[in-house]
Amino acid sequence: MKILKGFTVLLFMATCSLSAQEIADHALGLRLGDSDGFGAEISYQKSLTRANRLEFDLGWRDSRNFSAFKLAGLYQWVRPIEGDFNWYYGVGGGLGSVDFPGDDGGLFVFAAGDIGIEYNFDIPLILSLDFRPELGVTGYNGFSDNFDFDIGLGIRYQF
């Protein structure tokens with residue numbers, strides 16, 4: 001009986017130590033941040049390997065001052081820290097469109113980087129905090145020369 005208990009504890013500890021090295025196949029949720037005034041974004045992550053994934057974020061806003069959407073795509077490398085903590089970094093870009101009342105606005109394209117930290121709970125939930133610098137590549141004059149420091153808090157359901 002003692003051997004069975006010892007084996008169970010050893011198996012549990014091994015499972016816990018491996019959990020930080022594996023990322024979920026899919027994660028869907030929200031990324032809350034500045035995002036150039038977009039606020040919340042719908043966020044989807046898809047694992048490619050045990051240490052790489054794609055992330056897609058869609059933000060939109062419709063107000064009296066402007067209406068806009070922004071789509072970002074990132075390729076990320078995920079590295080374990082300790083326990084259920086991981087850190088990640090990535091590169092990517094995206095596009096968006098903005099319309100102002102009485103002004104043209106227009107389409108814009110941007111390049112983006114990403115660095116962050118995440119925590120995987122025992123339930124299928126993941127919390128993250130990331131920093132995403134964005135640089136306008138081309139587009140309407142209000143965005144193309146801007147450099148934006150976007151900080152976001154993510155909450156996603158893993159499946």
# chains A, B, ... in the order shown; residues from 1 in each chain; ligands from 1
>>> closest_atom_pairs(of="range 107-144 of chain A", to="range 69-75 of chain A", cutoff="8 Å", atoms="only C-alpha atoms", output="CSV")
residue,atom,partner,partner_atom,distance
A:Ala112,CA,A:Leu74,CA,7.7
A:Gly113,CA,A:Leu74,CA,7.8
A:Asp114,CA,A:Leu74,CA,7.8
>>> residues_around(residues="Gly39 in chain A", least_positions_apart="2", cutoff="12 Å", atoms="only C-alpha atoms", output="PyMOL selection string")
chain A and resi 30-37+41-42+57-62+68-70+150-154
>>> closest_residue(among="A:Tyr119, A:Phe110, A:Phe66, A:Phe56", to="Ile81 in chain A", atoms="only C-alpha atoms")
A:Tyr119
>>> closest_residue(among="A:Ser63, A:Ser97, A:Thr138, A:Ser47", to="Trp77 in chain A", atoms="only C-alpha atoms")
A:Ser47
>>> closest_residue(among="A:Arg156, A:Gly136, A:Ile123, A:Gly29", to="Phe108 in chain A", atoms="only C-alpha atoms")
A:Gly136
>>> select_by_dssp(residues="range 6-117 of chain A", states="strand (DSSP E or B)", output="ChimeraX atom specification")
/A:26-33,40-47,52-62,67-82,85-100,103-117
>>> closest_atom_pairs(of="range 77-106 of chain A", to="range 125-135 of chain A", cutoff="10 Å", atoms="only C-alpha atoms", output="JSON lines")
{"residue": "A:Asp84", "atom": "CA", "partner": "A:Ile126", "partner_atom": "CA", "distance": 9.7}
{"residue": "A:Phe85", "atom": "CA", "partner": "A:Ser128", "partner_atom": "CA", "distance": 9.6}
{"residue": "A:Asn86", "atom": "CA", "partner": "A:Ser128", "partner_atom": "CA", "distance": 9.2}
{"residue": "A:Trp87", "atom": "CA", "partner": "A:Ser128", "partner_atom": "CA", "distance": 9.1}
{"residue": "A:Tyr88", "atom": "CA", "partner": "A:Asp130", "partner_atom": "CA", "distance": 8.7}
{"residue": "A:Tyr89", "atom": "CA", "partner": "A:Asp130", "partner_atom": "CA", "distance": 9.0}
{"residue": "A:Gly90", "atom": "CA", "partner": "A:Arg132", "partner_atom": "CA", "distance": 9.2}
{"residue": "A:Val91", "atom": "CA", "partner": "A:Arg132", "partner_atom": "CA", "distance": 9.3}
{"residue": "A:Gly92", "atom": "CA", "partner": "A:Glu134", "partner_atom": "CA", "distance": 9.4}
{"residue": "A:Gly93", "atom": "CA", "partner": "A:Glu134", "partner_atom": "CA", "distance": 7.9}
{"residue": "A:Gly94", "atom": "CA", "partner": "A:Glu134", "partner_atom": "CA", "distance": 9.4}
>>> closest_residue(among="A:Leu28, A:Ala40, A:Ile155, A:Leu48", to="Glu118 in chain A", atoms="only C-alpha atoms")
A:Ile155
